[in-house]
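**Q** coords-v9.tsv is reproduced below (TSV, C-alpha atoms).
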```tsv
chain	number	residue	atom	x	y	z
A	1	MET	CA	5.88	20.78	-29.95
A	2	GLN	CA	3.11	23.25	-30.62
A	3	GLU	CA	0.78	24.53	-27.92
A	4	PRO	CA	-2.86	23.48	-28.54
A	5	ASP	CA	-5.23	26.07	-29.97
A	6	LYS	CA	-7.91	26.76	-27.41
A	7	LEU	CA	-11.36	25.56	-28.51
A	8	ASP	CA	-10.27	24.70	-32.07
A	9	ASN	CA	-9.97	21.34	-33.81
A	10	TYR	CA	-11.77	19.33	-31.15
A	11	SER	CA	-14.63	16.91	-31.66
A	12	THR	CA	-17.21	15.69	-29.17
A	13	GLN	CA	-18.26	12.06	-29.16
A	14	SER	CA	-21.63	10.32	-29.45
A	15	SER	CA	-21.12	7.55	-26.89
A	16	GLY	CA	-23.66	7.44	-24.08
A	17	PRO	CA	-23.08	8.76	-20.55
A	18	ASN	CA	-20.28	6.96	-18.70
A	19	GLU	CA	-19.80	4.67	-21.69
A	20	SER	CA	-16.51	4.27	-23.52
A	21	GLU	CA	-16.20	4.09	-27.26
A	22	GLN	CA	-13.83	1.55	-28.77
A	23	LYS	CA	-11.91	3.16	-31.61
A	24	CYS	CA	-8.54	2.20	-33.09
A	25	PRO	CA	-6.59	4.27	-33.46
A	26	ILE	CA	-7.75	6.56	-30.69
A	27	PRO	CA	-8.40	10.01	-32.24
A	28	THR	CA	-5.72	12.68	-32.15
A	29	ASN	CA	-7.94	15.53	-30.94
A	30	PHE	CA	-11.08	15.09	-28.83
A	31	THR	CA	-12.98	16.29	-25.77
A	32	ILE	CA	-14.12	14.53	-22.63
A	33	TYR	CA	-16.85	16.29	-20.68
A	34	GLY	CA	-19.26	16.01	-17.78
A	35	ASP	CA	-22.83	17.22	-18.16
A	36	SER	CA	-24.95	18.99	-15.54
A	37	SER	CA	-25.48	15.75	-13.60
A	38	GLY	CA	-21.84	14.65	-13.72
A	39	GLN	CA	-22.34	11.97	-16.38
A	40	VAL	CA	-19.26	11.60	-18.58
A	41	PHE	CA	-19.07	11.59	-22.38
A	42	GLY	CA	-16.09	11.08	-24.68
A	43	ASN	CA	-14.07	8.24	-23.13
A	44	TYR	CA	-12.07	6.05	-25.53
A	45	TYR	CA	-10.28	2.75	-25.55
A	46	CYS	CA	-8.41	0.57	-28.05
A	47	LEU	CA	-7.65	-3.10	-27.38
A	48	THR	CA	-5.04	-3.70	-30.10
A	49	THR	CA	-2.31	-1.07	-29.84
A	50	THR	CA	0.39	-3.49	-31.01
A	51	THR	CA	0.74	-6.95	-32.50
A	52	SER	CA	4.40	-7.38	-31.56
A	53	ASN	CA	5.60	-9.70	-28.81
A	54	THR	CA	9.09	-8.20	-28.76
A	55	VAL	CA	8.20	-4.93	-26.98
A	56	ASN	CA	7.40	-4.48	-23.31
A	57	THR	CA	6.81	-0.76	-22.68
A	58	GLN	CA	3.76	1.24	-23.74
A	59	TRP	CA	4.07	5.01	-24.07
A	60	VAL	CA	1.44	7.75	-24.31
A	61	GLY	CA	1.83	11.46	-24.96
A	62	PHE	CA	-0.72	14.25	-25.35
A	63	ASN	CA	-1.54	17.91	-24.76
A	64	PHE	CA	-4.46	18.94	-22.60
A	65	TYR	CA	-6.21	21.85	-21.01
A	66	THR	CA	-9.51	22.10	-19.16
A	67	SER	CA	-12.45	24.39	-18.63
A	68	THR	CA	-11.93	27.04	-15.96
A	69	ASN	CA	-14.14	25.22	-13.44
A	70	TYR	CA	-12.14	21.95	-13.55
A	71	GLY	CA	-9.85	20.82	-10.74
A	72	THR	CA	-11.71	22.44	-7.84
A	73	GLN	CA	-13.26	21.11	-4.63
A	74	GLN	CA	-16.64	21.20	-6.40
A	75	GLN	CA	-15.42	18.91	-9.19
A	76	PRO	CA	-14.57	15.50	-7.66
A	77	THR	CA	-13.53	13.85	-10.90
A	78	HIS	CA	-10.26	12.80	-12.51
A	79	ASN	CA	-9.14	11.56	-15.89
A	80	ILE	CA	-7.30	8.22	-16.10
A	81	ILE	CA	-4.88	6.96	-18.73
A	82	VAL	CA	-4.51	3.18	-18.53
A	83	PRO	CA	-1.88	1.27	-20.54
A	84	PHE	CA	-2.10	-2.55	-20.53
A	85	PHE	CA	-5.87	-2.15	-20.72
A	86	LYS	CA	-8.31	-4.88	-21.65
A	87	GLN	CA	-12.08	-4.76	-21.76
A	88	VAL	CA	-12.37	-4.71	-17.97
A	89	LEU	CA	-10.82	-2.41	-15.35
A	90	HIS	CA	-7.25	-3.54	-15.92
A	91	GLY	CA	-3.92	-1.81	-16.39
A	92	TRP	CA	-1.43	0.53	-14.79
A	93	GLY	CA	-0.83	4.17	-15.60
A	94	ALA	CA	-1.57	7.64	-14.26
A	95	PHE	CA	-4.31	10.25	-13.98
A	96	PHE	CA	-4.83	13.98	-13.67
A	97	GLY	CA	-7.61	15.79	-11.84
A	98	ASN	CA	-9.12	15.91	-8.37
A	99	ASN	CA	-8.49	12.99	-6.04
A	100	SER	CA	-8.22	15.13	-2.91
A	101	GLN	CA	-11.28	13.54	-1.31
A	102	SER	CA	-9.51	10.17	-1.17
A	103	SER	CA	-7.28	9.02	1.68
A	104	ASP	CA	-4.86	7.99	-1.09
A	105	GLY	CA	-4.84	11.49	-2.57
A	106	CYS	CA	-1.96	13.94	-2.43
A	107	GLY	CA	-3.64	16.15	0.19
A	108	ALA	CA	-6.93	17.90	0.84
A	109	ASN	CA	-5.71	21.07	-0.88
A	110	MET	CA	-4.34	19.30	-3.97
A	111	THR	CA	-7.50	19.43	-6.05
A	112	PHE	CA	-5.80	19.33	-9.47
A	113	THR	CA	-2.71	17.18	-9.69
A	114	THR	CA	-1.36	13.89	-11.07
A	115	GLN	CA	-0.83	10.43	-9.57
A	116	ILE	CA	0.09	6.85	-10.48
A	117	GLU	CA	-2.56	4.14	-10.23
A	118	GLY	CA	-3.15	0.47	-11.04
A	119	ARG	CA	-6.42	-1.40	-11.61
A	120	ALA	CA	-7.50	-5.01	-12.03
A	121	GLN	CA	-10.80	-6.81	-12.57
A	122	THR	CA	-11.58	-10.45	-13.20
A	123	GLY	CA	-14.63	-9.77	-15.36
A	124	LEU	CA	-16.16	-13.08	-14.27
A	125	PRO	CA	-19.97	-13.08	-14.52
A	126	THR	CA	-20.20	-15.11	-11.30
A	127	VAL	CA	-18.59	-12.37	-9.23
A	128	PRO	CA	-20.67	-9.30	-8.21
A	129	GLN	CA	-19.29	-6.20	-9.90
A	130	SER	CA	-18.93	-4.42	-6.55
A	131	GLN	CA	-16.46	-7.12	-5.49
A	132	ASP	CA	-14.84	-7.78	-8.84
A	133	TRP	CA	-12.52	-4.80	-9.29
A	134	GLN	CA	-9.65	-3.46	-7.27
A	135	SER	CA	-7.38	-0.48	-7.55
A	136	LYS	CA	-4.34	0.96	-5.87
A	137	THR	CA	-3.62	4.68	-5.99
A	138	TYR	CA	-0.17	5.81	-4.89
A	139	ASN	CA	0.69	9.02	-3.12
A	140	GLY	CA	4.00	10.33	-1.85
A	141	PRO	CA	6.94	11.91	-3.68
A	142	ASN	CA	7.28	9.15	-6.31
A	143	SER	CA	3.67	9.59	-7.48
A	144	CYS	CA	2.19	13.00	-6.61
A	145	GLY	CA	2.82	15.75	-9.13
A	146	ALA	CA	2.68	19.52	-8.97
A	147	GLU	CA	-0.56	21.44	-8.52
A	148	LEU	CA	-2.01	22.22	-11.96
A	149	GLN	CA	-4.23	25.11	-13.04
A	150	PRO	CA	-7.43	24.96	-15.12
A	151	TYR	CA	-7.28	26.42	-18.63
A	152	HIS	CA	-3.48	26.22	-18.66
A	153	SER	CA	-1.97	24.13	-21.45
A	154	TYR	CA	0.03	21.04	-20.47
A	155	HIS	CA	1.79	18.12	-22.09
A	156	MET	CA	1.84	14.74	-20.30
A	157	ASP	CA	4.02	11.71	-21.07
A	158	ILE	CA	3.35	8.28	-19.55
A	159	GLN	CA	5.31	5.03	-19.84
A	160	ALA	CA	4.31	1.62	-18.43
A	161	ASN	CA	6.05	-1.73	-18.80
A	162	ASN	CA	5.18	-5.38	-18.28
A	163	ASN	CA	6.94	-5.42	-14.91
A	164	THR	CA	4.23	-2.96	-13.71
A	165	TRP	CA	6.58	0.00	-13.54
A	166	VAL	CA	4.92	3.32	-14.36
A	167	ALA	CA	6.64	6.64	-15.10
A	168	TYR	CA	5.23	10.02	-16.11
A	169	GLN	CA	6.09	13.67	-16.42
A	170	VAL	CA	4.09	16.88	-16.95
A	171	GLN	CA	5.23	20.00	-18.80
A	172	GLU	CA	3.45	23.33	-19.14
A	173	TYR	CA	3.37	25.61	-22.17
A	174	GLN	CA	4.76	28.97	-21.05
A	175	ASN	CA	5.16	31.66	-23.71
A	176	GLY	CA	5.21	28.95	-26.36
A	177	ASN	CA	7.89	26.86	-24.63
A	178	LEU	CA	7.53	23.63	-22.66
A	179	VAL	CA	8.60	23.99	-19.03
A	180	THR	CA	8.71	20.92	-16.78
A	181	VAL	CA	6.40	21.30	-13.77
A	182	THR	CA	6.48	17.65	-12.67
A	183	PRO	CA	9.76	15.87	-13.50
A	184	TRP	CA	9.66	12.15	-14.16
A	185	LYS	CA	7.98	10.20	-11.35
A	186	GLN	CA	8.20	6.42	-11.31
A	187	LEU	CA	7.33	3.44	-9.15
A	188	GLN	CA	6.31	-0.20	-9.43
A	189	VAL	CA	2.60	-0.82	-8.90
A	190	LEU	CA	0.38	-3.76	-7.96
A	191	VAL	CA	3.16	-5.79	-6.40
A	192	PRO	CA	2.42	-8.63	-3.92
A	193	GLY	CA	1.74	-7.54	-0.36
A	194	GLN	CA	0.23	-4.16	-1.19
A	195	LYS	CA	-3.22	-3.47	0.22
A	196	TRP	CA	-5.63	-2.80	-2.58
A	197	ASN	CA	-9.03	-1.15	-2.40
A	198	PRO	CA	-11.38	-2.98	-1.87
A	199	PRO	CA	-9.19	-5.33	0.24
A	200	ILE	CA	-10.16	-8.61	-1.42
A	201	LEU	CA	-8.20	-11.23	-3.31
A	202	ALA	CA	-6.53	-9.57	-6.28
A	203	PRO	CA	-7.14	-11.16	-9.67
A	204	ASN	CA	-4.16	-12.24	-11.71
A	205	LEU	CA	-2.72	-9.50	-13.86
A	206	ASP	CA	-2.68	-10.07	-17.61
A	207	PHE	CA	0.71	-8.95	-18.92
A	208	SER	CA	-0.31	-9.83	-22.47
A	209	ALA	CA	-2.96	-7.06	-22.54
A	210	LYS	CA	-2.19	-4.61	-25.37
A	211	GLY	CA	-4.97	-2.04	-24.95
A	212	LEU	CA	-5.14	1.59	-23.89
A	213	PHE	CA	-7.90	3.58	-22.16
A	214	ILE	CA	-8.35	7.31	-21.62
A	215	GLY	CA	-11.40	8.70	-19.87
A	216	SER	CA	-12.89	10.30	-16.79
A	217	VAL	CA	-14.81	9.01	-13.81
A	218	PRO	CA	-18.25	10.55	-13.08
A	219	GLY	CA	-18.40	13.55	-10.76
A	220	GLY	CA	-18.86	17.30	-10.66
A	221	SER	CA	-20.76	19.02	-13.44
A	222	ASN	CA	-20.36	21.02	-16.65
A	223	TRP	CA	-16.61	20.57	-17.03
A	224	THR	CA	-14.59	19.85	-20.18
A	225	ILE	CA	-11.16	18.41	-20.94
A	226	TYR	CA	-9.58	19.21	-24.32
A	227	ILE	CA	-7.09	16.61	-25.59
A	228	SER	CA	-4.86	17.21	-28.61
A	229	ASN	CA	-1.87	15.58	-30.33
A	230	PHE	CA	-2.74	12.28	-28.62
A	231	SER	CA	-0.23	9.62	-29.64
A	232	TYR	CA	0.91	6.27	-28.32
A	233	GLY	CA	3.08	3.28	-29.15
A	234	TRP	CA	5.50	0.68	-27.82
A	235	PHE	CA	9.22	0.14	-27.47
```
Would it be possible to restate this file's structure as structure tokens?

**A**
Amino acid sequence: MQEPDKLDNYSTQSSGPNESEQKCPIPTNFTIYGDSSGQVFGNYYCLTTTTSNTVNTQWVGFNFYTSTNYGTQQQPTHNIIVPFFKQVLHGWGAFFGNNSQSSDGCGANMTFTTQIEGRAQTGLPTVPQSQDWQSKTYNGPNSCGAELQPYHSYHMDIQANNNTWVAYQVQEYQNGNLVTVTPWKQLQVLVPGQKWNPPILAPNLDFSAKGLFIGSVPGGSNWTIYISNFSYGWF
């Protein structure tokens, strides 16, 4: 697997701030960035990643590196990858970036790391949006990854199945070779009895969802994520 060329072969997107562009397939090489006010550009999703009913595990793999100012205390943003996505906040996967300000983060000093997360939203027009979505971010040894460094080149693999198990690993390009920095982490998410945030009645999960989302939440300013060799599928 070849290390990404810094600043080459990337395209920026025309979607508006904090909007996500639907595009199938999701491009192979692209950028996601925050402007001076923290508004995000370049998020993508695809709702039809498979038409088969005989598979149950979605996989995602990609290379990434970031601008040198990413993953610091001044950049409270993270980038989520959500298998089993549909056109609301729904799915279970992982993210990289800064979640240190959260009580569910991996620690106040872990400003650039990886974690597992699940999300669900009813999407009902009768429910206020502030009460309509819920998420659960997991910390601890089965979720929290190693501390990452901005402008270093990484490869991330994520797998998620229809029993809400999520697994991921992170490797770093070192002298042209991939070296594992976070070995496979895995846990089952969104199971009954877990306290979600906000703590309201969880909507039913849709295990027939076949979409995929990749994008960042608003926060910080003037940062960039470079994604390359983005690929995904099912088994």

**Q** From the options A:Tyr33, A:Phe112, A:Trp92, A:Tyr45, which residue's atoms come nearest to Thr137 (chain A), counting only C-alpha atoms?

**A**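 Going through A:Tyr33, A:Phe112, A:Trp92, A:Tyr45 one by one, the smallest distance to Thr137 (chain A) is for A:Trp92.
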
**Q** To one decimal place in Å, what is the distance between CA of Met110 (chain A) and CA of Asn163 (chain A)?

**A**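 For CA of Met110 (chain A) relative to CA of Asn163 (chain A), the distance reads 29.3 Å.
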
**Q** Excluding Phe64 (chain A) and residues on its chain fewer than 2 positions from it, collect all residues at most 7 Å away from it, counting all atoms listed in the file, and give them as an MDAnalysis selection string.

**A** chainID A and resid 62 66 153:155 225:228

**Q** Of the candidates A:Thr28, A:Ser135, A:Gln174, A:Asn222, which one gets nearest to Gln194 (chain A) if we count all atoms listed in the file?

**A**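 When distances to Gln194 (chain A) are compared using all atoms listed in the file, the smallest one comes from A:Ser135.
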
**Q** Quick one: distance from CA of Gly215 (chain A) to CA of Leu187 (chain A) in Å, one decimal?

**A** 22.2 Å

**Q** Within 10 Å of (6.8, -2.8, -27.1) (file coordinates; all atoms listed in the file), which protein or nucleic acid residues are there? I'd like them as an MDAnalysis selection string.

**A** chainID A and resid 49:59 161:162 210 233:235

**Q** Report the distance between CA of Trp184 (chain A) and CA of Gln101 (chain A) in Å, rounded to one decimal place.

**A** 24.6 Å

**Q** Considering all atoms listed in the file, can you say which of A:Asp206, A:Glu3, A:Glu172, A:Glu117 comes closest to Leu148 (chain A)?

**A**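 Among A:Asp206, A:Glu3, A:Glu172, A:Glu117, it is A:Glu172 that comes nearest to Leu148 (chain A).
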
**Q** Env of Ile158 (chain A): 10 Å cut, atoms = all atoms listed in the file, seq-sep filter 2 positions within chain, self excluded. Answer as number ranges by chain.

**A** A: 58-62, 81-83, 93-95, 116, 156, 160, 166-170, 184-186, 232
